[in-house]
Amino acid sequence: MTTIDTATITVELPDAFDPRWNRLPGIQVDGRRITIDPAEYFFRFESSTWLVADWELVKAQLLDVDETTESAVEQLALDFIKNHGESTSDAARVLATAYGVYSYLFREEHLAGLGMPQITADHLRMLREAATLMALNKVELNGHISNVGPCWFFPAATSVVFDLDEATGGMLDEVYHGGWFNEHRRIESIKAHAALGGRLVHGCQSVPDQSGGVVAPYGASMANFRDDLAEFKTGWIEQVYVHRVAAAE
């Protein structure tokens, strides 16, 4: 594990998280209050700064803006980040911003049109919680992955925390990184992720293989990202699965 010295991260979010997050090392959930010890929680923690934009500003000035023949939605998001993005060392702000983003993206009104009746409102809650914690992962412009926590490996983490079997964890992973399989929702995702300073990218191929994802800055080297990911993932996935309770096996 690589880590830098940093203080404990504490945030209070609008809704309570599942107490089973306490099964993972370095994280303590007490209702709406989440406390993270970076030295215990992360497999790699080399950066304590993140790029964010104010979520209320994103909602007010970006979510309802339509792309044109001159400016694609990705360009709209990039321009917004350039104009409004801020570097912060306040991890609590990152988590609070992320919870706003994912409460919007994984809202229950989408369930009716998803075409996946096996996805429930409870599954959306799981997605909101896991994706919020994933916002602390980080990739640099050169493609080096600087921060990696257990939620990088989505099916493994959800099997530990929510007692999900592999098939259900993989299904949720597909919903998380697939933009809900719909162009309208993909566009929503691109705009919303401007609040987290980039776009959601994944190392997975066509099916979930625990290659995970991160909100990467526009312009980050995807070739270096892929190579770095390939080197570390197997051993760390095994370390996540160690924390499964017997009933989930």
# chains A, B, ... in the order shown; residues from 1 in each chain; ligands from 1
call {"tool": "closest_atom_pairs", "arguments": {"of": "segment 27-56 of chain A", "to": "segment 149-154 of chain A", "cutoff": "8 Å", "atoms": "only C-alpha atoms", "output": "Markdown table"}}
result
| residue | atom | partner | partner_atom | distance |
| --- | --- | --- | --- | --- |
| A:Tyr41 | CA | A:Gly149 | CA | 6.4 |
| A:Phe42 | CA | A:Gly149 | CA | 4.3 |
| A:Phe43 | CA | A:Gly149 | CA | 5.7 |
| A:Arg44 | CA | A:Gly149 | CA | 7.1 |
call {"tool": "residues_around", "arguments": {"residues": "segment 182-189 of chain A", "least_positions_apart": "2", "cutoff": "9 Å", "atoms": "only C-alpha atoms", "output": "short mmCIF file (atom, residue, chain, number, x, y, z; two decimals) with N, CA and C atoms, in the first residue's frame"}}
result
data_model
loop_
_atom_site.label_atom_id
_atom_site.label_comp_id
_atom_site.auth_asym_id
_atom_site.auth_seq_id
_atom_site.Cartn_x
_atom_site.Cartn_y
_atom_site.Cartn_z
N LEU A 63 -27.16 21.41 -16.20
CA LEU A 63 -28.00 20.23 -16.44
C LEU A 63 -29.05 20.44 -17.52
N VAL A 73 -21.92 17.71 -25.83
CA VAL A 73 -22.13 17.73 -24.39
C VAL A 73 -20.82 17.60 -23.62
N GLU A 74 -19.88 16.84 -24.18
CA GLU A 74 -18.58 16.73 -23.51
C GLU A 74 -17.86 18.07 -23.48
N VAL A 101 -24.53 14.29 -6.69
CA VAL A 101 -24.46 13.81 -8.07
C VAL A 101 -25.18 12.48 -8.21
N LEU A 105 -28.38 11.05 -10.32
CA LEU A 105 -28.25 10.08 -11.40
C LEU A 105 -29.02 8.79 -11.11
N LEU A 114 -36.40 1.87 -17.13
CA LEU A 114 -35.10 1.21 -17.26
C LEU A 114 -35.19 -0.08 -18.06
N GLY A 178 -22.82 1.74 -17.14
CA GLY A 178 -23.43 1.72 -18.45
C GLY A 178 -24.26 2.93 -18.79
N GLY A 179 -24.26 3.95 -17.93
CA GLY A 179 -25.11 5.10 -18.19
C GLY A 179 -26.58 4.70 -18.28
N TRP A 180 -26.90 3.59 -17.62
CA TRP A 180 -28.26 3.03 -17.65
C TRP A 180 -28.67 2.64 -19.08
N LYS A 191 -22.96 15.53 -17.82
CA LYS A 191 -23.17 16.84 -17.21
C LYS A 191 -22.99 16.79 -15.70
N ALA A 192 -23.61 15.80 -15.06
CA ALA A 192 -23.55 15.73 -13.59
C ALA A 192 -22.13 15.52 -13.09
N HIS A 193 -21.34 14.73 -13.82
CA HIS A 193 -19.98 14.46 -13.35
C HIS A 193 -19.05 15.67 -13.48
N ALA A 194 -19.51 16.72 -14.13
CA ALA A 194 -18.73 17.96 -14.12
C ALA A 194 -18.52 18.45 -12.69
N ARG A 199 -15.07 13.09 -16.19
CA ARG A 199 -16.05 12.16 -16.76
C ARG A 199 -15.82 10.78 -16.15
N LEU A 200 -16.86 10.00 -16.11
CA LEU A 200 -16.75 8.65 -15.56
C LEU A 200 -16.13 7.74 -16.61
#
call {"tool": "residues_around", "arguments": {"residues": "Tyr102 of chain A", "least_positions_apart": "5", "cutoff": "10 Å", "atoms": "only C-alpha atoms", "output": "list in words"}}
result
Thr97, Arg107, Leu124, Arg125, Leu127, Arg128, Glu129, Ala130, Ala131, Thr132, Tyr176, Ser189, Ala192 and His193 of chain A
call {"tool": "closest_residue", "arguments": {"among": "A:Asn83, A:Met116, A:Leu136, A:Leu196", "to": "Glu46 of chain A", "atoms": "only C-alpha atoms"}}
result
A:Leu136
call {"tool": "atom_distance", "arguments": {"atom1": "atom CA of Arg33 of chain A", "atom2": "atom CA of Trp21 of chain A"}}
result
11.8 Å
call {"tool": "closest_residue", "arguments": {"among": "A:Ala223, A:Ala156, A:Ala121, A:Val29", "to": "Tyr241 of chain A", "atoms": "only C-alpha atoms"}}
result
A:Ala156
call {"tool": "closest_residue", "arguments": {"among": "A:Ile9, A:Ala96, A:Ile190, A:Met171", "to": "Leu62 of chain A", "atoms": "only C-alpha atoms"}}
result
A:Ile190
call {"tool": "closest_residue", "arguments": {"among": "A:Glu238, A:Glu231, A:Asp66, A:Asp90", "to": "Val52 of chain A", "atoms": "only C-alpha atoms"}}
result
A:Asp90
call {"tool": "select_by_dssp", "arguments": {"residues": "segment 50-189 of chain A", "states": "strand (DSSP E or B)", "output": "PyMOL selection string"}}
result
chain A and resi 50-52+86-88+138-139+145-148
call {"tool": "atom_distance", "arguments": {"atom1": "atom CA of Glu174 of chain A", "atom2": "atom CA of Ser48 of chain A"}}
result
28.7 Å
call {"tool": "residues_around", "arguments": {"residues": "Arg32 of chain A", "least_positions_apart": "6", "cutoff": "9 Å", "atoms": "only C-alpha atoms", "output": "number ranges by chain"}}
result
A: 11-17
call {"tool": "write_last_selection", "arguments": {"atoms": "C-alpha atoms", "output": "CSV table (one decimal), in the first residue's frame"}}
result
chain,number,residue,atom,x,y,z
A,11,VAL,CA,-18.7,13.9,6.6
A,12,GLU,CA,-22.3,14.0,7.5
A,13,LEU,CA,-24.6,13.3,4.5
A,14,PRO,CA,-28.3,13.9,4.0
A,15,ASP,CA,-29.2,10.2,4.4
A,16,ALA,CA,-28.0,7.4,6.5
A,17,PHE,CA,-25.7,4.8,4.9
call {"tool": "select_by_dssp", "arguments": {"residues": "segment 29-212 of chain A", "states": "alpha helix (DSSP H)", "output": "ChimeraX atom specification"}}
result
/A:38-41,55-61,73-84,91-105,111-114,121-134,154-162,166-177,183-192
call {"tool": "write_last_selection", "arguments": {"atoms": "C-alpha atoms", "output": "PDB file, in the first residue's frame"}}
result
ATOM      1  CA  PRO A  38      -7.216   6.827   4.784  1.00  0.00           C
ATOM      2  CA  ALA A  39      -4.308   4.686   5.987  1.00  0.00           C
ATOM      3  CA  GLU A  40      -6.676   1.797   6.718  1.00  0.00           C
ATOM      4  CA  TYR A  41      -9.269   2.320   3.998  1.00  0.00           C
ATOM      5  CA  TRP A  55     -23.242  20.944  -7.400  1.00  0.00           C
ATOM      6  CA  GLU A  56     -25.911  23.619  -7.011  1.00  0.00           C
ATOM      7  CA  LEU A  57     -24.187  25.592  -9.782  1.00  0.00           C
ATOM      8  CA  VAL A  58     -24.084  22.510 -12.009  1.00  0.00           C
ATOM      9  CA  LYS A  59     -27.808  22.006 -11.457  1.00  0.00           C
ATOM     10  CA  ALA A  60     -28.571  25.644 -12.184  1.00  0.00           C
ATOM     11  CA  GLN A  61     -26.258  26.285 -15.136  1.00  0.00           C
ATOM     12  CA  VAL A  73     -22.132  17.729 -24.390  1.00  0.00           C
ATOM     13  CA  GLU A  74     -18.580  16.728 -23.513  1.00  0.00           C
ATOM     14  CA  GLN A  75     -17.386  20.181 -24.582  1.00  0.00           C
ATOM     15  CA  LEU A  76     -20.092  21.805 -22.481  1.00  0.00           C
ATOM     16  CA  ALA A  77     -18.898  19.847 -19.453  1.00  0.00           C
ATOM     17  CA  LEU A  78     -15.236  20.598 -20.134  1.00  0.00           C
ATOM     18  CA  ASP A  79     -15.904  24.314 -20.493  1.00  0.00           C
ATOM     19  CA  PHE A  80     -17.916  24.310 -17.285  1.00  0.00           C
ATOM     20  CA  ILE A  81     -15.088  22.605 -15.392  1.00  0.00           C
ATOM     21  CA  LYS A  82     -12.556  25.085 -16.774  1.00  0.00           C
ATOM     22  CA  ASN A  83     -14.714  28.001 -15.655  1.00  0.00           C
ATOM     23  CA  HIS A  84     -15.945  26.699 -12.321  1.00  0.00           C
ATOM     24  CA  ALA A  91     -12.502  15.169   1.186  1.00  0.00           C
ATOM     25  CA  ALA A  92     -15.789  15.768   3.001  1.00  0.00           C
ATOM     26  CA  ARG A  93     -16.714  18.283   0.299  1.00  0.00           C
ATOM     27  CA  VAL A  94     -15.927  15.691  -2.368  1.00  0.00           C
ATOM     28  CA  LEU A  95     -18.156  13.116  -0.691  1.00  0.00           C
ATOM     29  CA  ALA A  96     -20.995  15.601  -0.187  1.00  0.00           C
ATOM     30  CA  THR A  97     -20.743  16.682  -3.827  1.00  0.00           C
ATOM     31  CA  ALA A  98     -20.684  13.074  -4.978  1.00  0.00           C
ATOM     32  CA  TYR A  99     -23.752  12.225  -2.941  1.00  0.00           C
ATOM     33  CA  GLY A 100     -25.616  15.046  -4.665  1.00  0.00           C
ATOM     34  CA  VAL A 101     -24.459  13.813  -8.075  1.00  0.00           C
ATOM     35  CA  TYR A 102     -25.422  10.194  -7.506  1.00  0.00           C
ATOM     36  CA  SER A 103     -28.694  10.982  -5.769  1.00  0.00           C
ATOM     37  CA  TYR A 104     -29.574  12.731  -9.015  1.00  0.00           C
ATOM     38  CA  LEU A 105     -28.254  10.078 -11.398  1.00  0.00           C
ATOM     39  CA  LEU A 111     -36.895   2.759 -12.598  1.00  0.00           C
ATOM     40  CA  ALA A 112     -40.062   2.669 -14.692  1.00  0.00           C
ATOM     41  CA  GLY A 113     -38.218   3.218 -17.954  1.00  0.00           C
ATOM     42  CA  LEU A 114     -35.104   1.209 -17.258  1.00  0.00           C
ATOM     43  CA  ALA A 121     -35.206   1.225  -5.276  1.00  0.00           C
ATOM     44  CA  ASP A 122     -33.009  -0.528  -2.726  1.00  0.00           C
ATOM     45  CA  HIS A 123     -30.491  -1.302  -5.454  1.00  0.00           C
ATOM     46  CA  LEU A 124     -30.425   2.388  -6.347  1.00  0.00           C
ATOM     47  CA  ARG A 125     -29.605   3.200  -2.737  1.00  0.00           C
ATOM     48  CA  MET A 126     -26.677   0.766  -2.895  1.00  0.00           C
ATOM     49  CA  LEU A 127     -25.471   2.440  -6.083  1.00  0.00           C
ATOM     50  CA  ARG A 128     -25.717   5.907  -4.533  1.00  0.00           C
ATOM     51  CA  GLU A 129     -23.717   4.864  -1.489  1.00  0.00           C
ATOM     52  CA  ALA A 130     -20.977   2.951  -3.322  1.00  0.00           C
ATOM     53  CA  ALA A 131     -20.584   5.570  -6.049  1.00  0.00           C
ATOM     54  CA  THR A 132     -20.298   8.324  -3.446  1.00  0.00           C
ATOM     55  CA  LEU A 133     -17.358   6.573  -1.817  1.00  0.00           C
ATOM     56  CA  MET A 134     -15.815   5.859  -5.221  1.00  0.00           C
ATOM     57  CA  PHE A 154     -17.607  -2.685  -7.232  1.00  0.00           C
ATOM     58  CA  PRO A 155     -18.921  -6.293  -7.210  1.00  0.00           C
ATOM     59  CA  ALA A 156     -16.416  -7.291  -4.528  1.00  0.00           C
ATOM     60  CA  ALA A 157     -17.279  -4.339  -2.282  1.00  0.00           C
ATOM     61  CA  THR A 158     -21.024  -4.764  -2.728  1.00  0.00           C
ATOM     62  CA  SER A 159     -20.787  -8.482  -1.988  1.00  0.00           C
ATOM     63  CA  VAL A 160     -19.144  -7.623   1.339  1.00  0.00           C
ATOM     64  CA  VAL A 161     -21.362  -4.700   2.330  1.00  0.00           C
ATOM     65  CA  PHE A 162     -24.752  -5.708   0.933  1.00  0.00           C
ATOM     66  CA  GLU A 166     -21.800 -12.257  -7.869  1.00  0.00           C
ATOM     67  CA  ALA A 167     -24.564 -12.036 -10.472  1.00  0.00           C
ATOM     68  CA  THR A 168     -26.411  -9.248  -8.666  1.00  0.00           C
ATOM     69  CA  GLY A 169     -23.200  -7.339  -7.965  1.00  0.00           C
ATOM     70  CA  GLY A 170     -22.267  -7.576 -11.628  1.00  0.00           C
ATOM     71  CA  MET A 171     -25.734  -6.403 -12.672  1.00  0.00           C
ATOM     72  CA  LEU A 172     -25.411  -3.306 -10.477  1.00  0.00           C
ATOM     73  CA  ASP A 173     -21.929  -2.681 -11.848  1.00  0.00           C
ATOM     74  CA  GLU A 174     -23.391  -2.696 -15.359  1.00  0.00           C
ATOM     75  CA  VAL A 175     -26.005  -0.134 -14.328  1.00  0.00           C
ATOM     76  CA  TYR A 176     -23.315   2.002 -12.693  1.00  0.00           C
ATOM     77  CA  HIS A 177     -20.945   2.194 -15.626  1.00  0.00           C
ATOM     78  CA  GLU A 183     -28.186   7.980 -24.424  1.00  0.00           C
ATOM     79  CA  HIS A 184     -30.371  10.404 -22.496  1.00  0.00           C
ATOM     80  CA  ARG A 185     -29.024   9.107 -19.205  1.00  0.00           C
ATOM     81  CA  ARG A 186     -25.470   9.073 -20.539  1.00  0.00           C
ATOM     82  CA  ILE A 187     -25.815  12.770 -21.317  1.00  0.00           C
ATOM     83  CA  GLU A 188     -27.149  13.333 -17.794  1.00  0.00           C
ATOM     84  CA  SER A 189     -24.115  11.516 -16.447  1.00  0.00           C
ATOM     85  CA  ILE A 190     -21.620  13.600 -18.418  1.00  0.00           C
ATOM     86  CA  LYS A 191     -23.173  16.844 -17.210  1.00  0.00           C
ATOM     87  CA  ALA A 192     -23.550  15.727 -13.595  1.00  0.00           C
TER      88      ALA A 192
END
call {"tool": "atom_distance", "arguments": {"atom1": "atom CA of Thr10 of chain A", "atom2": "atom CA of Asp30 of chain A"}}
result
10.9 Å
call {"tool": "decode", "arguments": {"residues": "segment 42-59 of chain A", "atoms": "N, CA and C atoms", "output": "PDB file, in the first residue's frame"}}
result
ATOM      1  N   PHE A  42      -7.730   2.907   2.216  1.00  0.00           N
ATOM      2  CA  PHE A  42      -7.241   2.888   0.831  1.00  0.00           C
ATOM      3  C   PHE A  42      -6.151   1.839   0.618  1.00  0.00           C
ATOM      4  N   PHE A  43      -6.143   1.259  -0.578  1.00  0.00           N
ATOM      5  CA  PHE A  43      -5.014   0.437  -0.998  1.00  0.00           C
ATOM      6  C   PHE A  43      -3.864   1.323  -1.473  1.00  0.00           C
ATOM      7  N   ARG A  44      -4.227   2.401  -2.098  1.00  0.00           N
ATOM      8  CA  ARG A  44      -3.225   3.393  -2.560  1.00  0.00           C
ATOM      9  C   ARG A  44      -3.832   4.764  -2.348  1.00  0.00           C
ATOM     10  N   PHE A  45      -3.091   5.627  -1.650  1.00  0.00           N
ATOM     11  CA  PHE A  45      -3.590   6.976  -1.391  1.00  0.00           C
ATOM     12  C   PHE A  45      -2.411   7.944  -1.507  1.00  0.00           C
ATOM     13  N   GLU A  46      -2.249   8.498  -2.704  1.00  0.00           N
ATOM     14  CA  GLU A  46      -1.093   9.328  -3.012  1.00  0.00           C
ATOM     15  C   GLU A  46      -1.450  10.797  -3.200  1.00  0.00           C
ATOM     16  N   SER A  47      -2.760  11.099  -3.211  1.00  0.00           N
ATOM     17  CA  SER A  47      -3.178  12.472  -3.450  1.00  0.00           C
ATOM     18  C   SER A  47      -4.351  12.824  -2.555  1.00  0.00           C
ATOM     19  N   SER A  48      -4.247  13.955  -1.896  1.00  0.00           N
ATOM     20  CA  SER A  48      -5.347  14.405  -1.033  1.00  0.00           C
ATOM     21  C   SER A  48      -5.994  15.673  -1.573  1.00  0.00           C
ATOM     22  N   THR A  49      -5.949  15.847  -2.893  1.00  0.00           N
ATOM     23  CA  THR A  49      -6.663  16.948  -3.542  1.00  0.00           C
ATOM     24  C   THR A  49      -7.532  16.391  -4.663  1.00  0.00           C
ATOM     25  N   TRP A  50      -8.667  17.042  -4.864  1.00  0.00           N
ATOM     26  CA  TRP A  50      -9.608  16.628  -5.898  1.00  0.00           C
ATOM     27  C   TRP A  50     -10.124  17.887  -6.602  1.00  0.00           C
ATOM     28  N   LEU A  51     -10.599  17.702  -7.819  1.00  0.00           N
ATOM     29  CA  LEU A  51     -11.199  18.793  -8.577  1.00  0.00           C
ATOM     30  C   LEU A  51     -12.718  18.673  -8.475  1.00  0.00           C
ATOM     31  N   VAL A  52     -13.357  19.733  -8.035  1.00  0.00           N
ATOM     32  CA  VAL A  52     -14.815  19.719  -7.899  1.00  0.00           C
ATOM     33  C   VAL A  52     -15.389  21.037  -8.412  1.00  0.00           C
ATOM     34  N   ALA A  53     -16.668  21.017  -8.676  1.00  0.00           N
ATOM     35  CA  ALA A  53     -17.428  22.234  -8.960  1.00  0.00           C
ATOM     36  C   ALA A  53     -18.679  22.194  -8.093  1.00  0.00           C
ATOM     37  N   ASP A  54     -19.216  23.336  -7.787  1.00  0.00           N
ATOM     38  CA  ASP A  54     -20.381  23.405  -6.912  1.00  0.00           C
ATOM     39  C   ASP A  54     -21.575  22.705  -7.560  1.00  0.00           C
ATOM     40  N   TRP A  55     -22.140  21.728  -6.849  1.00  0.00           N
ATOM     41  CA  TRP A  55     -23.242  20.944  -7.400  1.00  0.00           C
ATOM     42  C   TRP A  55     -24.469  21.798  -7.661  1.00  0.00           C
ATOM     43  N   GLU A  56     -24.751  22.747  -6.790  1.00  0.00           N
ATOM     44  CA  GLU A  56     -25.911  23.619  -7.011  1.00  0.00           C
ATOM     45  C   GLU A  56     -25.722  24.437  -8.285  1.00  0.00           C
ATOM     46  N   LEU A  57     -24.471  24.839  -8.559  1.00  0.00           N
ATOM     47  CA  LEU A  57     -24.187  25.592  -9.782  1.00  0.00           C
ATOM     48  C   LEU A  57     -24.340  24.704 -11.014  1.00  0.00           C
ATOM     49  N   VAL A  58     -23.897  23.462 -10.909  1.00  0.00           N
ATOM     50  CA  VAL A  58     -24.084  22.510 -12.009  1.00  0.00           C
ATOM     51  C   VAL A  58     -25.571  22.336 -12.303  1.00  0.00           C
ATOM     52  N   LYS A  59     -26.361  22.172 -11.256  1.00  0.00           N
ATOM     53  CA  LYS A  59     -27.808  22.006 -11.457  1.00  0.00           C
ATOM     54  C   LYS A  59     -28.421  23.234 -12.108  1.00  0.00           C
TER      55      LYS A  59
END
